[in-house]
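K.L.:
Just one file: data.txt, with compact mmCIF, C-alpha atoms.
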```txt
# COMPACT_ATOMS: atom_id res chain seq x y z
CA MET A 109 17.57 -6.34 -13.81
CA SER A 110 14.68 -5.38 -16.02
CA ARG A 111 11.01 -4.68 -15.36
CA GLY A 112 10.10 -8.14 -16.64
CA ASP A 113 12.26 -9.76 -13.94
CA VAL A 114 10.31 -8.17 -11.10
CA LEU A 115 6.87 -7.34 -12.48
CA VAL A 116 4.29 -9.48 -14.27
CA ASP A 117 0.92 -8.59 -15.76
CA ALA A 118 -2.41 -10.35 -15.42
CA ALA A 119 -2.00 -12.23 -18.70
CA TRP A 120 1.28 -13.71 -17.42
CA VAL A 121 -0.42 -14.81 -14.20
CA GLU A 122 -3.34 -16.35 -16.06
CA SER A 123 -0.96 -18.33 -18.25
CA HIS A 124 0.95 -19.59 -15.18
CA LEU A 125 -2.02 -20.54 -12.97
CA ASP A 126 -1.13 -24.23 -13.34
CA ASP A 127 2.64 -23.78 -13.42
CA PRO A 128 4.01 -25.86 -10.50
CA SER A 129 7.10 -23.64 -10.25
CA VAL A 130 5.00 -20.55 -9.47
CA VAL A 131 3.26 -19.76 -6.18
CA LEU A 132 0.77 -16.90 -6.06
CA VAL A 133 0.59 -15.13 -2.72
CA GLU A 134 -2.03 -12.57 -1.71
CA VAL A 135 -1.12 -10.01 0.95
CA ASP A 136 -3.69 -7.41 1.97
CA GLU A 137 -4.18 -4.69 4.51
CA ASP A 138 -7.74 -5.98 4.82
CA THR A 139 -6.83 -9.56 5.56
CA SER A 140 -10.44 -10.73 5.00
CA ALA A 141 -10.23 -9.80 1.30
CA TYR A 142 -8.73 -13.22 0.52
CA ASP A 143 -11.78 -14.99 1.98
CA LYS A 144 -14.12 -13.07 -0.31
CA GLY A 145 -12.20 -14.29 -3.35
CA HIS A 146 -8.64 -14.64 -4.60
CA ILE A 147 -6.79 -15.65 -7.72
CA ARG A 148 -7.07 -19.40 -8.22
CA GLY A 149 -4.29 -21.25 -6.43
CA ALA A 150 -3.15 -18.26 -4.37
CA VAL A 151 -2.18 -18.69 -0.73
CA ARG A 152 -2.54 -15.92 1.83
CA LEU A 153 0.05 -14.20 3.96
CA ASP A 154 -1.26 -12.00 6.76
CA TRP A 155 1.10 -9.02 7.05
CA LYS A 156 0.19 -8.58 10.70
CA THR A 157 -0.06 -12.08 12.16
CA ASP A 158 2.39 -13.84 9.82
CA LEU A 159 5.05 -11.21 9.20
CA GLN A 160 5.19 -9.32 12.54
CA ASP A 161 6.61 -10.62 15.80
CA PRO A 162 3.62 -11.18 18.11
CA VAL A 163 5.25 -9.44 21.10
CA LYS A 164 7.93 -6.89 20.21
CA ARG A 165 7.71 -4.50 17.28
CA ASP A 166 9.88 -6.27 14.71
CA PHE A 167 9.76 -8.85 11.98
CA VAL A 168 9.51 -12.56 12.64
CA ASP A 169 12.93 -14.13 12.97
CA LYS A 170 14.53 -16.31 10.33
CA ALA A 171 13.36 -19.62 11.82
CA THR A 172 9.76 -18.39 12.03
CA PHE A 173 9.89 -17.15 8.45
CA GLU A 174 11.22 -20.53 7.34
CA GLN A 175 8.42 -22.31 9.18
CA LEU A 176 5.82 -19.93 7.72
CA LEU A 177 6.91 -20.50 4.13
CA SER A 178 7.29 -24.24 4.66
CA ASP A 179 3.73 -24.42 6.03
CA ARG A 180 2.38 -22.44 3.08
CA GLY A 181 4.05 -24.80 0.65
CA ILE A 182 6.56 -22.28 -0.66
CA GLY A 183 9.96 -23.74 -1.49
CA ASN A 184 13.31 -22.13 -2.19
CA ASP A 185 12.99 -22.94 -5.90
CA HIS A 186 9.53 -21.45 -6.33
CA THR A 187 8.90 -18.22 -8.17
CA VAL A 188 6.72 -16.23 -5.78
CA VAL A 189 4.25 -13.81 -7.36
CA LEU A 190 2.79 -11.36 -4.87
CA TYR A 191 -0.34 -9.28 -5.23
CA GLY A 192 -2.77 -7.50 -2.97
CA GLY A 193 -5.11 -4.63 -2.39
CA ASN A 194 -4.31 -0.98 -1.79
CA ASN A 195 -2.32 -0.75 -5.01
CA ASN A 196 -0.01 -3.53 -3.84
CA TRP A 197 1.16 -1.70 -0.69
CA PHE A 198 1.41 -4.83 1.40
CA ALA A 199 2.36 -7.00 -1.54
CA ALA A 200 5.31 -4.66 -2.11
CA TYR A 201 6.05 -4.84 1.60
CA ALA A 202 6.04 -8.65 1.41
CA TYR A 203 8.22 -8.47 -1.72
CA TRP A 204 10.78 -6.42 0.19
CA TYR A 205 10.45 -8.83 3.14
CA PHE A 206 11.11 -11.86 0.89
CA LYS A 207 14.19 -10.06 -0.46
CA LEU A 208 15.25 -9.25 3.10
CA TYR A 209 15.33 -12.97 3.84
CA GLY A 210 17.09 -13.73 0.57
CA HIS A 211 14.40 -15.17 -1.74
CA ASP A 212 15.58 -14.26 -5.24
CA ALA A 213 12.67 -15.24 -7.48
CA VAL A 214 9.94 -12.82 -6.40
CA LYS A 215 7.68 -10.80 -8.68
CA LEU A 216 4.78 -8.40 -8.22
CA LEU A 217 1.54 -8.57 -10.18
CA ASP A 218 1.26 -5.11 -11.75
CA GLY A 219 -1.91 -3.39 -10.54
CA GLY A 220 -2.48 -6.01 -7.88
CA ARG A 221 -5.93 -7.02 -6.78
CA LYS A 222 -7.52 -3.76 -7.89
CA LYS A 223 -6.67 -4.05 -11.55
CA TRP A 224 -7.54 -7.74 -11.50
CA GLU A 225 -10.99 -6.86 -10.10
CA LEU A 226 -11.54 -3.86 -12.37
CA ASP A 227 -10.76 -6.12 -15.33
CA SER A 228 -13.44 -8.51 -13.99
CA ARG A 229 -11.01 -11.42 -13.94
CA GLU A 230 -11.83 -14.63 -12.09
CA LEU A 231 -11.61 -14.87 -8.29
CA VAL A 232 -12.32 -18.07 -6.39
CA THR A 233 -12.90 -18.98 -2.74
CA ASP A 234 -11.29 -22.45 -2.82
CA VAL A 235 -8.21 -22.52 -0.61
CA PRO A 236 -5.39 -24.53 -2.22
CA ASP A 237 -3.91 -27.48 -0.40
CA ARG A 238 -0.17 -27.19 -1.01
CA PRO A 239 2.28 -29.81 0.22
CA LYS A 240 4.62 -28.54 2.92
CA THR A 241 8.21 -27.73 2.04
CA GLN A 242 11.51 -27.37 3.89
CA TYR A 243 12.22 -23.70 3.29
CA THR A 244 15.62 -22.30 4.15
CA ALA A 245 15.97 -18.52 4.54
CA LYS A 246 19.16 -16.46 4.51
CA ASP A 247 20.17 -14.01 7.21
CA GLN A 248 18.46 -10.62 6.88
CA ASN A 249 19.97 -8.47 4.15
CA THR A 250 20.06 -5.22 6.09
CA SER A 251 21.48 -3.36 3.08
CA ILE A 252 17.83 -2.81 2.14
CA ARG A 253 16.50 -2.09 5.67
CA ALA A 254 17.02 1.22 7.47
CA PHE A 255 16.93 1.68 11.23
CA ARG A 256 16.35 4.91 13.17
CA GLU A 257 20.07 5.64 13.54
CA ASP A 258 20.43 5.39 9.76
CA VAL A 259 17.68 7.98 9.34
CA LEU A 260 19.22 10.42 11.81
CA GLU A 261 22.61 10.07 10.08
CA ALA A 262 20.97 10.60 6.70
CA ILE A 263 19.53 14.03 7.53
CA GLY A 264 21.09 16.50 5.13
CA GLN A 265 23.44 13.78 3.79
CA GLN A 266 21.38 11.24 1.85
CA ASN A 267 18.05 11.29 0.09
CA LEU A 268 15.18 10.93 2.53
CA VAL A 269 12.02 10.22 0.60
CA ASP A 270 8.80 10.60 2.57
CA VAL A 271 6.13 8.84 0.53
CA ARG A 272 3.10 9.78 2.64
CA SER A 273 0.39 12.14 1.43
CA PRO A 274 1.16 15.89 1.49
CA ASP A 275 -1.19 16.32 4.47
CA GLU A 276 0.68 13.72 6.51
CA PHE A 277 4.07 15.13 5.43
CA SER A 278 3.16 18.68 6.45
CA GLY A 279 1.72 17.57 9.78
CA ARG A 280 -1.89 18.38 8.98
CA LEU A 281 -2.87 14.70 9.30
CA LEU A 282 -1.31 11.90 11.35
CA ALA A 283 -2.55 8.98 9.27
CA PRO A 284 -3.88 8.31 5.78
CA ALA A 285 -7.33 9.82 5.25
CA HIS A 286 -9.12 6.48 5.23
CA LEU A 287 -8.02 5.76 8.80
CA PRO A 288 -9.09 7.44 12.08
CA GLN A 289 -6.66 10.15 13.20
CA GLU A 290 -6.17 9.26 16.86
CA GLN A 291 -2.42 8.47 16.97
CA SER A 292 -0.51 10.14 19.76
CA GLN A 293 2.89 10.76 18.17
CA ARG A 294 4.01 14.11 16.81
CA PRO A 295 3.10 15.10 13.26
CA GLY A 296 5.58 16.29 10.66
CA HIS A 297 8.51 14.82 8.75
CA VAL A 298 12.25 14.16 9.01
CA PRO A 299 14.15 17.38 8.22
CA THR A 300 15.45 17.55 4.63
CA ALA A 301 13.06 14.79 3.48
CA LYS A 302 11.40 15.26 0.10
CA ASN A 303 7.71 14.48 -0.14
CA ILE A 304 7.04 12.24 -3.11
CA PRO A 305 3.82 10.38 -2.35
CA TRP A 306 3.91 6.71 -3.35
CA SER A 307 0.76 7.34 -5.39
CA LYS A 308 2.66 9.47 -7.91
CA ALA A 309 4.49 6.31 -8.96
CA ALA A 310 1.24 4.54 -9.85
CA ASN A 311 -1.56 4.96 -12.34
CA ASP A 312 -5.23 5.10 -11.26
CA ASP A 313 -5.55 1.34 -11.86
CA GLY A 314 -2.61 0.60 -9.57
CA THR A 315 -0.08 -0.28 -12.27
CA PHE A 316 3.33 1.36 -12.08
CA ARG A 317 4.15 4.32 -14.31
CA ASP A 318 6.79 3.71 -16.95
CA ASP A 319 10.50 4.10 -16.22
CA GLU A 320 10.79 7.45 -17.98
CA GLU A 321 7.95 8.97 -15.95
CA LEU A 322 9.34 7.51 -12.74
CA THR A 323 12.85 8.86 -13.35
CA ALA A 324 11.37 12.29 -14.08
CA LEU A 325 9.23 12.11 -10.93
CA TYR A 326 12.13 11.66 -8.52
CA GLY A 327 14.56 13.85 -10.42
CA GLY A 328 11.96 16.62 -10.64
CA ALA A 329 11.47 16.52 -6.88
CA GLY A 330 15.17 17.06 -6.26
CA VAL A 331 16.19 13.50 -5.43
CA ASP A 332 19.77 12.85 -6.56
CA LEU A 333 19.65 9.18 -7.51
CA GLY A 334 23.45 9.06 -7.37
CA LYS A 335 23.21 9.29 -3.57
CA ASP A 336 22.07 6.68 -1.07
CA THR A 337 18.36 6.81 -0.33
CA ILE A 338 16.05 5.96 2.57
CA ALA A 339 12.29 5.76 1.95
CA TYR A 340 9.77 5.94 4.77
CA CYS A 341 6.05 6.40 5.37
CA ARG A 342 3.92 5.67 8.46
CA ILE A 343 4.54 1.94 9.05
CA GLY A 344 6.81 1.01 6.13
CA GLU A 345 4.36 -0.47 3.65
CA ARG A 346 3.85 2.48 1.31
CA SER A 347 7.59 3.09 1.38
CA ALA A 348 8.13 -0.55 0.39
CA HIS A 349 6.15 0.37 -2.75
CA THR A 350 8.58 3.24 -3.41
CA TRP A 351 11.57 1.04 -2.50
CA PHE A 352 10.32 -1.35 -5.19
CA VAL A 353 10.11 1.48 -7.72
CA LEU A 354 13.58 2.85 -7.00
CA HIS A 355 15.53 -0.33 -6.31
CA GLU A 356 13.75 -2.91 -8.46
CA LEU A 357 12.22 -1.01 -11.37
CA LEU A 358 14.77 1.78 -11.80
CA GLY A 359 17.72 -0.27 -10.52
CA VAL A 360 18.95 2.45 -8.17
CA PRO A 361 21.59 0.96 -5.81
CA ASN A 362 21.63 1.60 -2.05
CA VAL A 363 17.96 2.21 -1.37
CA LYS A 364 16.67 1.24 2.06
CA ASN A 365 13.17 1.01 3.42
CA TYR A 366 12.73 2.37 6.96
CA ASP A 367 10.02 0.09 8.33
CA GLY A 368 9.92 1.90 11.68
CA SER A 369 8.81 4.91 9.65
CA TRP A 370 6.80 7.77 11.12
CA THR A 371 5.19 5.76 13.91
CA GLU A 372 8.68 5.22 15.30
CA TYR A 373 10.42 8.44 14.30
CA GLY A 374 7.50 10.66 15.33
CA SER A 375 7.53 9.08 18.79
CA LEU A 376 11.29 9.39 19.48
CA VAL A 377 12.31 11.83 22.22
CA GLY A 378 14.47 14.72 21.13
CA VAL A 379 14.85 14.04 17.42
CA PRO A 380 14.47 16.93 14.97
CA ILE A 381 11.11 17.27 13.22
CA GLU A 382 10.10 19.68 10.49
CA LEU A 383 6.55 20.90 9.92
CA GLY A 384 5.05 22.38 6.78
CA ASP A 385 5.29 21.58 3.12
CA GLY A 386 9.09 21.32 3.03
CA SER A 387 11.56 22.78 0.57
CA MET B 156 -27.88 -8.26 -1.84
CA CYS B 157 -31.37 -6.84 -2.26
CA GLY B 158 -31.04 -3.19 -3.12
CA ALA B 159 -28.77 -0.42 -1.86
CA VAL B 160 -29.07 1.21 1.55
CA ALA B 161 -29.18 4.99 1.13
CA GLY B 162 -26.16 6.97 2.31
CA GLY B 163 -22.79 5.93 3.68
CA PRO B 164 -21.92 3.35 6.33
CA ASP B 165 -23.36 3.57 9.85
CA ILE B 166 -21.58 6.32 11.79
CA ASP B 167 -22.06 4.56 15.18
CA GLY B 168 -18.79 4.18 17.08
CA ILE B 169 -17.12 7.17 15.37
CA ASP B 170 -16.80 10.48 17.20
CA ALA B 171 -17.96 12.54 14.24
CA THR B 172 -17.67 15.79 16.20
CA LYS B 173 -13.86 15.54 15.85
CA GLU B 174 -13.64 14.21 12.30
CA ALA B 175 -14.36 15.62 8.85
CA VAL B 176 -16.05 12.59 7.35
CA ILE B 177 -16.66 11.96 3.66
CA GLN B 178 -18.64 8.84 3.00
CA GLY B 179 -21.18 7.40 0.65
CA ILE B 180 -22.32 4.63 -1.58
CA VAL B 181 -21.65 3.48 -5.13
CA THR B 182 -24.63 2.12 -7.05
CA SER B 183 -25.45 0.90 -10.53
CA ASP B 184 -29.10 0.50 -11.54
CA GLY B 185 -30.02 0.96 -7.87
CA GLN B 186 -27.77 -1.91 -6.74
CA PRO B 187 -24.63 -1.44 -4.64
CA VAL B 188 -21.37 -1.90 -6.54
CA SER B 189 -18.68 -4.12 -5.02
CA PRO B 190 -15.91 -4.27 -5.94
CA ALA B 191 -15.42 -0.63 -6.76
CA TYR B 192 -12.54 1.58 -5.67
CA VAL B 193 -13.01 5.08 -4.28
CA ARG B 194 -10.12 7.53 -4.48
CA LEU B 195 -9.94 10.80 -2.55
CA LEU B 196 -8.11 13.57 -4.44
CA ASP B 197 -7.16 16.91 -2.87
CA ALA B 198 -7.84 20.38 -4.27
CA SER B 199 -4.79 20.05 -6.55
CA GLY B 200 -6.06 16.75 -7.88
CA ASP B 201 -3.36 14.82 -6.01
CA PHE B 202 -4.18 11.39 -4.63
CA THR B 203 -4.77 11.25 -0.88
CA ALA B 204 -6.44 7.93 -0.11
CA GLU B 205 -8.29 5.01 -1.62
CA VAL B 206 -10.68 2.41 -0.26
CA PRO B 207 -12.56 -0.48 -1.84
CA THR B 208 -16.33 -0.37 -1.38
CA SER B 209 -17.85 -2.71 1.18
CA ALA B 210 -20.17 -5.55 0.19
CA THR B 211 -22.96 -2.98 0.50
CA GLY B 212 -21.20 -0.57 -1.89
CA GLN B 213 -20.24 1.86 0.88
CA PHE B 214 -17.08 3.81 1.69
CA ARG B 215 -15.75 6.35 4.23
CA PHE B 216 -12.81 8.75 4.57
CA PHE B 217 -11.57 10.87 7.45
CA ALA B 218 -10.38 13.95 5.63
CA ARG B 219 -9.19 17.40 6.58
CA PRO B 220 -11.67 20.25 6.10
CA GLY B 221 -11.84 21.61 2.58
CA ALA B 222 -12.63 20.76 -1.01
CA TRP B 223 -12.07 17.24 -2.29
CA THR B 224 -12.77 15.12 -5.32
CA VAL B 225 -14.15 11.62 -4.84
CA ARG B 226 -13.20 9.45 -7.84
CA VAL B 227 -14.96 6.12 -8.22
CA LEU B 228 -13.39 3.34 -10.30
CA ALA B 229 -15.65 0.42 -11.16
CA PRO B 230 -15.30 -2.18 -13.92
CA GLY B 231 -15.61 -0.13 -17.11
CA ALA B 232 -16.36 3.20 -15.36
CA SER B 233 -14.66 6.19 -13.70
CA VAL B 234 -16.81 8.93 -12.11
CA ASP B 235 -15.73 12.09 -10.22
CA ARG B 236 -17.76 13.96 -7.56
CA GLN B 237 -16.83 17.26 -5.85
CA VAL B 238 -17.26 17.20 -2.07
CA HIS B 239 -16.73 19.68 0.79
CA ALA B 240 -15.59 18.29 4.15
CA ALA B 241 -15.92 20.07 7.53
CA VAL B 242 -15.11 18.94 11.08
CA GLY B 243 -18.23 17.73 12.85
CA GLU B 244 -20.03 17.12 9.59
CA VAL B 245 -20.61 13.99 7.55
CA ALA B 246 -20.55 14.66 3.81
CA ASP B 247 -22.67 11.93 2.23
CA VAL B 248 -22.16 11.16 -1.46
CA THR B 249 -24.11 8.87 -3.72
CA VAL B 250 -22.26 7.92 -6.89
CA THR B 251 -24.00 6.17 -9.74
CA VAL B 252 -21.82 4.35 -12.27
```
Just dump the structure as structure tokens.
P.N.:
Amino acid sequence: MSRGDVLVDAAWVESHLDDPSVVLVEVDEDTSAYDKGHIRGAVRLDWKTDLQDPVKRDFVDKATFEQLLSDRGIGNDHTVVLYGGNNNWFAAYAYWYFKLYGHDAVKLLDGGRKKWELDSRELVTDVPDRPKTQYTAKDQNTSIRAFREDVLEAIGQQNLVDVRSPDEFSGRLLAPAHLPQEQSQRPGHVPTAKNIPWSKAANDDGTFRDDEELTALYGGAGVDLGKDTIAYCRIGERSAHTWFVLHELLGVPNVKNYDGSWTEYGSLVGVPIELGDGS
Amino acid sequence: MCGAVAGGPDIDGIDATKEAVIQGIVTSDGQPVSPAYVRLLDASGDFTAEVPTSATGQFRFFARPGAWTVRVLAPGASVDRQVHAAVGEVADVTVTV
């Protein structure tokens, strides 16, 4: 797999705006961003109401995912191009989610909504009317999803990559600095985890750094890419960005995203937690 | 939009006595800039957080006390401002691009 198979630039998107085999999908943390303007033809997925079970903390099941994509007019043969705000955090999360349910042809728009806006490219408010499809999903591919038991077993054995900011990793903050800090769970990180913030994989404009820089980034931080890897953050969206870098851009096998992440791990009774800046 | 409101967003509803708030507004020729992106960099220059400006050009971070750099990205511009955050204080920044 090469970068071109998983990542497209704005020029590619502009030249495929009227391509019937391509569906643009915007996924944002701020789900109102789409209403203010989106790339022409793009449909919206709401990471919270569309992709999370409304009752228990988990993903929607296969049948609900199939219904969701059918309603949005996304078919099994479509190439799905995802983009969003926050340097593609939630777009990367949706990318990983599409892969989890077995959709092969998925790509990310490099730089996401931010670069598109900073380049002053066109955004529209018209919502496209796409014909419904009959989407069929596969069973979840859990080879790319880590659960809490996997994380506990990985301590000292596999790479644990904590992609939160240094202040969250050390325990000085409980949440990213643009969010209020009132969570109740314990601060810190999983013992033996390396802190490689997701942001180090991206340029200021939100595009990904090149493969050479990315390889040097993880190698320099002591991550042995020959070992299995679990990435985590606070709720699994920033670590989906790093999962994309490791698994999709660099082609590292056996990388899992732990979507429970710190909000689950930091609330578990009796599990080991490390404070401070790590080794 | 008819002119920029001075300062950051309204602090109502936030218990500012417990937070170290950095906030402000991005303007160009006296008008609020939206979209612009505001990045918060720590004392080592490492990225900590980023928010888009609101329709009124405003932004806010809940930081930890200390020295920070606020970096504003707008179409065709990138501007840095040094800011000091302290618990119970609201550091207000006006950035002109």
K.L.:
Contacts from chain A to chain B, 9 Å maximum, only C-alpha atoms: show me the residue list as a PyMOL selection string.
P.N.:
chain A and resi 193-195+222+225-228+272-275+280-281+284-289+305+307-308+312-313
K.L.:
May I have the residues within 7 Å of A:Tyr209 as a list in words, using all atoms listed in the file and disregarding those fewer than 3 positions away in the same chain?
P.N.:
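Everything that qualifies: Tyr205, Phe206, Ala245, Lys246, Asp247, Gln248 and Asn249 of chain A.
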K.L.:
List as a list in words: which residues have an atom within 9 Å of (2.5, -23.1, 4.1), counting only C-alpha atoms?
P.N.:
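These residues have at least one counted atom within 9 Å: Val151, Gln175, Leu176, Leu177, Ser178, Asp179, Arg180, Gly181, Ile182, Asp237, Arg238, Pro239, Lys240 and Thr241 of chain A.
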K.L.:
Tell me, as a PyMOL selection string, which residues lie within 12 Å of stretch 158-168 of chain A, counting all atoms listed in the file; anything in the same chain fewer than 2 positions away does not count.
P.N.:
chain A and resi 135-136+139+152-156+170-177+179-180+198-199+201-206+208-209+245+248+253+255+343-344+366-368+371-372
K.L.:
Calculated over only C-alpha atoms, which of the candidates A:Gly210, A:Gly330, A:Gly374, A:Gly384 has the smallest distance to A:Ala283?
P.N.:
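Nearest to A:Ala283: A:Gly374.
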K.L.:
For a test of reading the model, state the distance in Å between atom CA of A:Leu354 and atom CA of A:Leu383, rounded to one decimal.
P.N.:
25.7 Å
K.L.:
Between A:Ala324, A:Val298, A:Leu190, A:Ile338, which is the closest to A:Arg221 once you count only C-alpha atoms?
P.N.:
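Going through A:Ala324, A:Val298, A:Leu190, A:Ile338 one by one, the smallest distance to A:Arg221 is for A:Leu190.
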K.L.:
For A:Val121, please output as a list in words all residues within 10 Å (counting all atoms listed in the file; exclusion window: fewer than 2 positions along the same chain).
P.N.:
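Here the qualifying residues turn out to be Val116, Asp117, Ala118, Ala119, Ser123, His124, Leu125, Asp126, Asp127, Val130, Leu132, Ile147, Val189 and Leu217 of chain A.
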K.L.:
Could you check the closest approach to A:Gly149 for each of A:Glu122, A:Val363, A:Gly220, A:Tyr340 and tell me which residue wins, using only C-alpha atoms?
P.N.:
A:Glu122
